[in-house]
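What follows is the content of final-v8.pdb, which has PDB, N, CA and C atoms:
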```pdb
MODEL        1
ATOM      1  N   MET A  54       0.848  -1.171   0.000
ATOM      2  CA  MET A  54       0.000   0.000   0.000
ATOM      3  C   MET A  54       0.886   1.225   0.000
ATOM      4  N   ASN A  55       0.568   2.194  -0.828
ATOM      5  CA  ASN A  55       1.352   3.408  -0.981
ATOM      6  C   ASN A  55       0.718   4.511  -0.133
ATOM      7  N   ASP A  56       1.446   4.968   0.892
ATOM      8  CA  ASP A  56       0.924   6.005   1.769
ATOM      9  C   ASP A  56       1.573   7.357   1.520
ATOM     10  N   SER A  57       2.089   7.570   0.311
ATOM     11  CA  SER A  57       2.728   8.853   0.015
ATOM     12  C   SER A  57       1.687   9.961   0.035
ATOM     13  N   PRO A  58       2.098  11.192   0.374
ATOM     14  CA  PRO A  58       1.137  12.290   0.437
ATOM     15  C   PRO A  58       0.510  12.571  -0.929
ATOM     16  N   VAL A  59      -0.689  13.025  -0.889
ATOM     17  CA  VAL A  59      -1.449  13.289  -2.112
ATOM     18  C   VAL A  59      -1.209  14.723  -2.558
ATOM     19  N   ASP A  60      -0.838  14.888  -3.820
ATOM     20  CA  ASP A  60      -0.669  16.224  -4.399
ATOM     21  C   ASP A  60      -1.972  16.571  -5.111
ATOM     22  N   PRO A  61      -2.808  17.454  -4.509
ATOM     23  CA  PRO A  61      -4.125  17.745  -5.084
ATOM     24  C   PRO A  61      -4.073  18.286  -6.503
ATOM     25  N   VAL A  62      -3.052  19.073  -6.831
ATOM     26  CA  VAL A  62      -2.976  19.666  -8.165
ATOM     27  C   VAL A  62      -2.718  18.588  -9.217
ATOM     28  N   ALA A  63      -1.841  17.655  -8.901
ATOM     29  CA  ALA A  63      -1.497  16.608  -9.864
ATOM     30  C   ALA A  63      -2.658  15.631 -10.081
ATOM     31  N   TYR A  64      -3.464  15.392  -9.066
ATOM     32  CA  TYR A  64      -4.535  14.403  -9.149
ATOM     33  C   TYR A  64      -5.885  14.988  -9.545
ATOM     34  N   MET A  65      -5.993  16.316  -9.553
ATOM     35  CA  MET A  65      -7.299  16.962  -9.715
ATOM     36  C   MET A  65      -8.032  16.535 -10.981
ATOM     37  N   ASN A  66      -7.384  16.585 -12.128
ATOM     38  CA  ASN A  66      -8.068  16.279 -13.385
ATOM     39  C   ASN A  66      -8.495  14.816 -13.474
ATOM     40  N   VAL A  67      -7.628  13.915 -13.022
ATOM     41  CA  VAL A  67      -7.944  12.489 -13.107
ATOM     42  C   VAL A  67      -9.093  12.136 -12.169
ATOM     43  N   LEU A  68      -9.048  12.623 -10.950
ATOM     44  CA  LEU A  68     -10.121  12.309 -10.004
ATOM     45  C   LEU A  68     -11.431  12.991 -10.389
ATOM     46  N   LYS A  69     -11.346  14.163 -10.986
ATOM     47  CA  LYS A  69     -12.553  14.848 -11.458
ATOM     48  C   LYS A  69     -13.227  14.024 -12.557
ATOM     49  N   ARG A  70     -12.426  13.479 -13.468
ATOM     50  CA  ARG A  70     -12.962  12.642 -14.544
ATOM     51  C   ARG A  70     -13.550  11.353 -13.972
ATOM     52  N   THR A  71     -12.899  10.775 -12.961
ATOM     53  CA  THR A  71     -13.412   9.557 -12.324
ATOM     54  C   THR A  71     -14.741   9.828 -11.636
ATOM     55  N   ARG A  72     -14.849  10.956 -10.925
ATOM     56  CA  ARG A  72     -16.121  11.312 -10.278
ATOM     57  C   ARG A  72     -17.222  11.529 -11.302
ATOM     58  N   ARG A  73     -16.894  12.161 -12.430
ATOM     59  CA  ARG A  73     -17.881  12.405 -13.484
ATOM     60  C   ARG A  73     -18.369  11.079 -14.076
ATOM     61  N   ARG A  74     -17.471  10.126 -14.286
ATOM     62  CA  ARG A  74     -17.865   8.826 -14.819
ATOM     63  C   ARG A  74     -18.745   8.071 -13.830
ATOM     64  N   ARG A  75     -18.466   8.195 -12.535
ATOM     65  CA  ARG A  75     -19.318   7.576 -11.509
ATOM     66  C   ARG A  75     -20.716   8.192 -11.533
ATOM     67  N   LYS A  76     -20.787   9.505 -11.701
ATOM     68  CA  LYS A  76     -22.095  10.178 -11.773
ATOM     69  C   LYS A  76     -22.885   9.695 -12.985
ATOM     70  N   TYR A  77     -22.224   9.513 -14.118
ATOM     71  CA  TYR A  77     -22.895   8.988 -15.306
ATOM     72  C   TYR A  77     -23.465   7.597 -15.022
ATOM     73  N   PHE A  78     -22.668   6.744 -14.363
ATOM     74  CA  PHE A  78     -23.116   5.391 -14.060
ATOM     75  C   PHE A  78     -24.336   5.412 -13.149
ATOM     76  N   PHE A  79     -24.240   6.101 -12.016
ATOM     77  CA  PHE A  79     -25.352   6.112 -11.069
ATOM     78  C   PHE A  79     -26.571   6.826 -11.647
ATOM     79  N   GLY A  80     -26.366   7.856 -12.460
ATOM     80  CA  GLY A  80     -27.480   8.529 -13.122
ATOM     81  C   GLY A  80     -28.199   7.607 -14.091
ATOM     82  N   THR A  81     -27.441   6.795 -14.815
ATOM     83  CA  THR A  81     -28.039   5.842 -15.748
ATOM     84  C   THR A  81     -28.858   4.790 -15.007
ATOM     85  N   VAL A  82     -28.328   4.308 -13.898
ATOM     86  CA  VAL A  82     -29.062   3.302 -13.107
ATOM     87  C   VAL A  82     -30.356   3.914 -12.567
ATOM     88  N   LEU A  83     -30.292   5.129 -12.049
ATOM     89  CA  LEU A  83     -31.476   5.776 -11.478
ATOM     90  C   LEU A  83     -32.498   6.202 -12.532
ATOM     91  N   LEU A  84     -32.061   6.326 -13.768
ATOM     92  CA  LEU A  84     -32.943   6.766 -14.853
ATOM     93  C   LEU A  84     -33.858   5.651 -15.361
ATOM     94  N   TYR A  85     -33.573   4.411 -15.028
ATOM     95  CA  TYR A  85     -34.279   3.267 -15.613
ATOM     96  C   TYR A  85     -35.787   3.283 -15.334
ATOM     97  N   ILE A  86     -36.178   3.324 -14.083
ATOM     98  CA  ILE A  86     -37.603   3.253 -13.727
ATOM     99  C   ILE A  86     -38.372   4.467 -14.269
ATOM    100  N   PRO A  87     -37.892   5.711 -14.074
ATOM    101  CA  PRO A  87     -38.627   6.842 -14.654
ATOM    102  C   PRO A  87     -38.755   6.760 -16.177
ATOM    103  N   ALA A  88     -37.708   6.275 -16.852
ATOM    104  CA  ALA A  88     -37.781   6.151 -18.315
ATOM    105  C   ALA A  88     -38.859   5.157 -18.724
ATOM    106  N   LEU A  89     -38.951   4.039 -18.020
ATOM    107  CA  LEU A  89     -39.987   3.054 -18.354
ATOM    108  C   LEU A  89     -41.384   3.572 -18.016
ATOM    109  N   LEU A  90     -41.517   4.286 -16.909
ATOM    110  CA  LEU A  90     -42.827   4.847 -16.559
ATOM    111  C   LEU A  90     -43.293   5.878 -17.582
ATOM    112  N   ILE A  91     -42.391   6.733 -18.015
ATOM    113  CA  ILE A  91     -42.740   7.738 -19.031
ATOM    114  C   ILE A  91     -43.090   7.051 -20.350
ATOM    115  N   THR A  92     -42.315   6.043 -20.718
ATOM    116  CA  THR A  92     -42.605   5.304 -21.944
ATOM    117  C   THR A  92     -43.973   4.627 -21.861
ATOM    118  N   TYR A  93     -44.288   4.068 -20.706
ATOM    119  CA  TYR A  93     -45.586   3.414 -20.519
ATOM    120  C   TYR A  93     -46.734   4.418 -20.618
ATOM    121  N   GLN A  94     -46.513   5.632 -20.116
ATOM    122  CA  GLN A  94     -47.533   6.691 -20.222
ATOM    123  C   GLN A  94     -47.761   7.090 -21.681
ATOM    124  N   ILE A  95     -46.695   7.157 -22.451
ATOM    125  CA  ILE A  95     -46.789   7.610 -23.843
ATOM    126  C   ILE A  95     -47.293   6.482 -24.759
ATOM    127  N   SER A  96     -46.677   5.312 -24.621
ATOM    128  CA  SER A  96     -47.021   4.198 -25.497
ATOM    129  C   SER A  96     -46.880   2.887 -24.728
ATOM    130  N   PRO A  97     -47.965   2.376 -24.174
ATOM    131  CA  PRO A  97     -47.890   1.176 -23.334
ATOM    132  C   PRO A  97     -47.812  -0.137 -24.121
ATOM    133  N   THR A  98     -46.951  -0.183 -25.112
ATOM    134  CA  THR A  98     -46.797  -1.421 -25.889
ATOM    135  C   THR A  98     -45.497  -2.112 -25.492
ATOM    136  N   ASN A  99     -45.463  -3.413 -25.739
ATOM    137  CA  ASN A  99     -44.245  -4.168 -25.440
ATOM    138  C   ASN A  99     -43.076  -3.722 -26.296
ATOM    139  N   ARG A 100     -43.356  -3.344 -27.523
ATOM    140  CA  ARG A 100     -42.291  -2.907 -28.430
ATOM    141  C   ARG A 100     -41.638  -1.627 -27.922
ATOM    142  N   ALA A 101     -42.439  -0.668 -27.491
ATOM    143  CA  ALA A 101     -41.884   0.591 -26.977
ATOM    144  C   ALA A 101     -41.083   0.351 -25.698
ATOM    145  N   MET A 102     -41.630  -0.466 -24.798
ATOM    146  CA  MET A 102     -40.929  -0.768 -23.549
ATOM    147  C   MET A 102     -39.626  -1.520 -23.831
ATOM    148  N   GLY A 103     -39.658  -2.444 -24.759
ATOM    149  CA  GLY A 103     -38.452  -3.192 -25.122
ATOM    150  C   GLY A 103     -37.390  -2.317 -25.759
ATOM    151  N   THR A 104     -37.835  -1.373 -26.583
ATOM    152  CA  THR A 104     -36.900  -0.454 -27.222
ATOM    153  C   THR A 104     -36.203   0.422 -26.186
ATOM    154  N   VAL A 105     -36.971   0.967 -25.256
ATOM    155  CA  VAL A 105     -36.379   1.803 -24.205
ATOM    156  C   VAL A 105     -35.440   0.971 -23.344
ATOM    157  N   PHE A 106     -35.835  -0.254 -23.025
ATOM    158  CA  PHE A 106     -34.976  -1.127 -22.238
ATOM    159  C   PHE A 106     -33.674  -1.418 -22.978
ATOM    160  N   GLY A 107     -33.766  -1.708 -24.272
ATOM    161  CA  GLY A 107     -32.566  -1.994 -25.065
ATOM    162  C   GLY A 107     -31.617  -0.807 -25.119
ATOM    163  N   ILE A 108     -32.173   0.378 -25.324
ATOM    164  CA  ILE A 108     -31.345   1.588 -25.343
ATOM    165  C   ILE A 108     -30.691   1.798 -23.979
ATOM    166  N   TRP A 109     -31.464   1.581 -22.921
ATOM    167  CA  TRP A 109     -30.916   1.750 -21.570
ATOM    168  C   TRP A 109     -29.774   0.763 -21.299
ATOM    169  N   VAL A 110     -29.921  -0.472 -21.733
ATOM    170  CA  VAL A 110     -28.872  -1.474 -21.531
ATOM    171  C   VAL A 110     -27.597  -1.078 -22.273
ATOM    172  N   VAL A 111     -27.725  -0.606 -23.493
ATOM    173  CA  VAL A 111     -26.550  -0.181 -24.260
ATOM    174  C   VAL A 111     -25.851   0.981 -23.559
ATOM    175  N   VAL A 112     -26.621   1.970 -23.109
ATOM    176  CA  VAL A 112     -26.032   3.116 -22.392
ATOM    177  C   VAL A 112     -25.391   2.633 -21.091
ATOM    178  N   LEU A 113     -26.031   1.722 -20.388
ATOM    179  CA  LEU A 113     -25.477   1.199 -19.145
ATOM    180  C   LEU A 113     -24.156   0.472 -19.386
ATOM    181  N   ILE A 114     -24.056  -0.303 -20.441
ATOM    182  CA  ILE A 114     -22.806  -0.992 -20.761
ATOM    183  C   ILE A 114     -21.699   0.013 -21.033
ATOM    184  N   ILE A 115     -22.013   1.069 -21.764
ATOM    185  CA  ILE A 115     -21.010   2.084 -22.091
ATOM    186  C   ILE A 115     -20.527   2.801 -20.836
ATOM    187  N   VAL A 116     -21.450   3.278 -19.992
ATOM    188  CA  VAL A 116     -21.025   4.022 -18.805
ATOM    189  C   VAL A 116     -20.358   3.101 -17.781
ATOM    190  N   THR A 117     -20.730   1.829 -17.732
ATOM    191  CA  THR A 117     -20.052   0.883 -16.847
ATOM    192  C   THR A 117     -18.617   0.672 -17.310
ATOM    193  N   PHE A 118     -18.415   0.547 -18.607
ATOM    194  CA  PHE A 118     -17.061   0.416 -19.133
ATOM    195  C   PHE A 118     -16.226   1.664 -18.824
ATOM    196  N   LEU A 119     -16.819   2.842 -18.985
ATOM    197  CA  LEU A 119     -16.089   4.080 -18.683
ATOM    198  C   LEU A 119     -15.713   4.154 -17.207
ATOM    199  N   ALA A 120     -16.648   3.810 -16.328
ATOM    200  CA  ALA A 120     -16.353   3.835 -14.894
ATOM    201  C   ALA A 120     -15.297   2.795 -14.536
ATOM    202  N   ALA A 121     -15.377   1.621 -15.127
ATOM    203  CA  ALA A 121     -14.431   0.552 -14.817
ATOM    204  C   ALA A 121     -13.034   0.853 -15.330
ATOM    205  N   SER A 122     -12.925   1.617 -16.392
ATOM    206  CA  SER A 122     -11.616   1.890 -16.986
ATOM    207  C   SER A 122     -10.943   3.144 -16.422
ATOM    208  N   SER A 123     -11.495   3.727 -15.375
ATOM    209  CA  SER A 123     -10.864   4.880 -14.733
ATOM    210  C   SER A 123      -9.616   4.420 -13.995
ATOM    211  N   LYS A 124      -8.508   5.115 -14.246
ATOM    212  CA  LYS A 124      -7.239   4.758 -13.610
ATOM    213  C   LYS A 124      -6.982   5.637 -12.398
ATOM    214  N   CYS A 125      -6.315   5.065 -11.418
ATOM    215  CA  CYS A 125      -5.920   5.794 -10.213
ATOM    216  C   CYS A 125      -4.680   6.624 -10.532
ATOM    217  N   PRO A 126      -4.672   7.911 -10.175
ATOM    218  CA  PRO A 126      -3.505   8.734 -10.485
ATOM    219  C   PRO A 126      -2.284   8.400  -9.615
ATOM    220  N   ARG A 127      -2.490   7.769  -8.474
ATOM    221  CA  ARG A 127      -1.357   7.472  -7.588
ATOM    222  C   ARG A 127      -0.679   6.150  -7.942
ATOM    223  N   CYS A 128      -1.460   5.086  -8.077
ATOM    224  CA  CYS A 128      -0.834   3.773  -8.310
ATOM    225  C   CYS A 128      -0.881   3.331  -9.771
ATOM    226  N   GLY A 129      -1.738   3.944 -10.591
ATOM    227  CA  GLY A 129      -1.815   3.599 -12.006
ATOM    228  C   GLY A 129      -2.706   2.407 -12.318
ATOM    229  N   ASN A 130      -3.266   1.753 -11.319
ATOM    230  CA  ASN A 130      -4.188   0.637 -11.538
ATOM    231  C   ASN A 130      -5.599   1.170 -11.762
ATOM    232  N   TYR A 131      -6.500   0.272 -12.140
ATOM    233  CA  TYR A 131      -7.886   0.682 -12.300
ATOM    234  C   TYR A 131      -8.468   1.034 -10.933
ATOM    235  N   PHE A 132      -9.123   2.188 -10.865
ATOM    236  CA  PHE A 132      -9.621   2.704  -9.588
ATOM    237  C   PHE A 132     -10.690   1.791  -8.988
ATOM    238  N   HIS A 133     -11.620   1.323  -9.808
ATOM    239  CA  HIS A 133     -12.768   0.551  -9.328
ATOM    240  C   HIS A 133     -12.677  -0.942  -9.635
ATOM    241  N   MET A 134     -11.606  -1.393 -10.226
ATOM    242  CA  MET A 134     -11.484  -2.800 -10.619
ATOM    243  C   MET A 134     -10.369  -3.475  -9.838
ATOM    244  N   HIS A 135     -10.663  -4.663  -9.340
ATOM    245  CA  HIS A 135      -9.640  -5.509  -8.740
ATOM    246  C   HIS A 135      -9.842  -6.899  -9.312
ATOM    247  N   GLY A 136      -8.988  -7.283 -10.234
ATOM    248  CA  GLY A 136      -9.203  -8.524 -10.980
ATOM    249  C   GLY A 136     -10.392  -8.334 -11.905
ATOM    250  N   MET A 137     -11.366  -9.220 -11.795
ATOM    251  CA  MET A 137     -12.576  -9.110 -12.611
ATOM    252  C   MET A 137     -13.731  -8.485 -11.839
ATOM    253  N   THR A 138     -13.445  -7.972 -10.643
ATOM    254  CA  THR A 138     -14.489  -7.435  -9.778
ATOM    255  C   THR A 138     -14.590  -5.928  -9.942
ATOM    256  N   LEU A 139     -15.778  -5.440 -10.239
ATOM    257  CA  LEU A 139     -16.048  -4.007 -10.326
ATOM    258  C   LEU A 139     -16.760  -3.587  -9.049
ATOM    259  N   LEU A 140     -16.115  -2.743  -8.274
ATOM    260  CA  LEU A 140     -16.701  -2.213  -7.051
ATOM    261  C   LEU A 140     -16.600  -0.696  -7.105
ATOM    262  N   LEU A 141     -17.729  -0.029  -7.197
ATOM    263  CA  LEU A 141     -17.725   1.428  -7.281
ATOM    264  C   LEU A 141     -17.695   2.015  -5.868
ATOM    265  N   LEU A 142     -16.564   1.835  -5.211
ATOM    266  CA  LEU A 142     -16.353   2.363  -3.876
ATOM    267  C   LEU A 142     -15.668   3.720  -3.964
ATOM    268  N   ARG A 143     -15.548   4.406  -2.848
ATOM    269  CA  ARG A 143     -14.963   5.743  -2.833
ATOM    270  C   ARG A 143     -13.447   5.743  -2.731
ATOM    271  N   LYS A 144     -12.841   4.575  -2.575
ATOM    272  CA  LYS A 144     -11.391   4.477  -2.475
ATOM    273  C   LYS A 144     -10.870   3.548  -3.558
ATOM    274  N   CYS A 145      -9.648   3.838  -4.006
ATOM    275  CA  CYS A 145      -8.985   2.952  -4.964
ATOM    276  C   CYS A 145      -8.854   1.585  -4.322
ATOM    277  N   LEU A 146      -9.149   0.563  -5.085
ATOM    278  CA  LEU A 146      -9.096  -0.789  -4.554
ATOM    279  C   LEU A 146      -7.672  -1.296  -4.366
ATOM    280  N   HIS A 147      -6.675  -0.525  -4.811
ATOM    281  CA  HIS A 147      -5.288  -0.955  -4.713
ATOM    282  C   HIS A 147      -4.507  -0.142  -3.679
ATOM    283  N   CYS A 148      -4.572   1.193  -3.758
ATOM    284  CA  CYS A 148      -3.757   2.026  -2.856
ATOM    285  C   CYS A 148      -4.592   2.817  -1.856
ATOM    286  N   GLN A 149      -5.902   2.654  -1.883
ATOM    287  CA  GLN A 149      -6.829   3.301  -0.951
ATOM    288  C   GLN A 149      -6.889   4.831  -1.093
ATOM    289  N   LEU A 150      -6.542   5.374  -2.241
ATOM    290  CA  LEU A 150      -6.681   6.808  -2.494
ATOM    291  C   LEU A 150      -8.155   7.141  -2.536
ATOM    292  N   HIS A 151      -8.591   8.122  -1.756
ATOM    293  CA  HIS A 151     -10.001   8.497  -1.696
ATOM    294  C   HIS A 151     -10.378   9.292  -2.944
ATOM    295  N   ILE A 152     -11.606   9.133  -3.392
ATOM    296  CA  ILE A 152     -12.087   9.799  -4.603
ATOM    297  C   ILE A 152     -12.078  11.319  -4.466
ATOM    298  N   ASN A 153     -12.201  11.826  -3.245
ATOM    299  CA  ASN A 153     -12.200  13.271  -3.008
ATOM    300  C   ASN A 153     -10.913  13.770  -2.396
ATOM    301  N   SER A 154      -9.818  13.046  -2.542
ATOM    302  CA  SER A 154      -8.568  13.444  -1.900
ATOM    303  C   SER A 154      -7.991  14.721  -2.502
ATOM    304  N   ASP A 155      -8.394  15.087  -3.711
ATOM    305  CA  ASP A 155      -7.909  16.346  -4.282
ATOM    306  C   ASP A 155      -8.660  17.542  -3.729
ATOM    307  N   LYS A 156      -9.788  17.328  -3.069
ATOM    308  CA  LYS A 156     -10.579  18.432  -2.509
ATOM    309  C   LYS A 156     -10.202  18.740  -1.059
ATOM    310  N   ILE A 157      -9.434  17.876  -0.420
ATOM    311  CA  ILE A 157      -9.052  18.069   0.981
ATOM    312  C   ILE A 157      -8.000  19.164   1.059
ATOM    313  N   SER A 158      -8.248  20.141   1.911
ATOM    314  CA  SER A 158      -7.307  21.268   2.015
ATOM    315  C   SER A 158      -6.208  20.969   2.977
TER     316      SER A 158
ENDMDL
END
```

Let me see the file written as structure tokens.
Amino acid sequence: MNDSPVDPVAYMNVLKRTRRRRKYFFGTVLLYIPALLITYQISPTNRAMGTVFGIWVVVLIIVTFLAASSKCPRCGNYFHMHGMTLLLLRKCLHCQLHINSDKIS
């Protein structure tokens, strides 16, 4: 485990991008039920619901890949991946760098 001090200026852009990718992922997950409810209000057919579901799955795969491929600025490993496991935690799974460590004064 690397306990070297965190340089906020050097890590700011990378951690900002990682936080943005996490927001995209969680926003996509939270968008599922409202999207289906709105689709059901507009067109309550199986085809419309299936189309919205298919589009949502494709977007979810893309944002999951983006979140999983975020690299840690301190250790260089994937921030949210350890082996084949994707865990969207607030700390790097390798060096324990916190997602908001660039904001700490």

_DSSP on the backbone, helix (DSSP H, G or I) only: what residues of range 112-150 of chain A does that give? Format it as a VMD selection string._
chain A and resid 112 to 121

*Given the file shown, determine the residues that the PyMOL selection byres ((chain A and resi 121-138) around 7) selects; report them as a VMD selection string.*
chain A and resid 63 to 64 67 to 68 71 116 to 120 139 to 142 144 to 148

As JSON, please: the centre and edge lengths in Å, to one decimal, of an axis-aligned box enclosing every listed atom of range 145-152 of chain A with 4 Å added on each side.
```
{"center_x": -7.9, "center_y": 5.0, "center_z": -3.0, "size_x": 16.3, "size_y": 20.6, "size_z": 12.1}
```

_Length of the atom C of Gln149 in chain A to CA of Val112 in chain A vector [Å]_ = 28.7 Å

*How far is it from CA of Leu89 in chain A to CA of Phe106 in chain A, in Å with one decimal?*
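One can read the CA of Leu89 in chain A to CA of Phe106 in chain A distance as 7.6 Å.
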
_Atom pair CA of Leu83 in chain A / CA of Trp109 in chain A: separation (Å)_ =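 Here the two named atoms are 10.9 Å from each other.
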
_For the structure I just gave you, how does DSSP split chain A - specifically, which residues are strand (DSSP E)? Reply as a PyMOL selection string._
chain A and resi 134-135+138-139

*Using only C-alpha atoms, which of A:Ala88, A:Asn153, A:Val62, A:Arg74 sits nearest Gly103 in chain A?*
A:Ala88
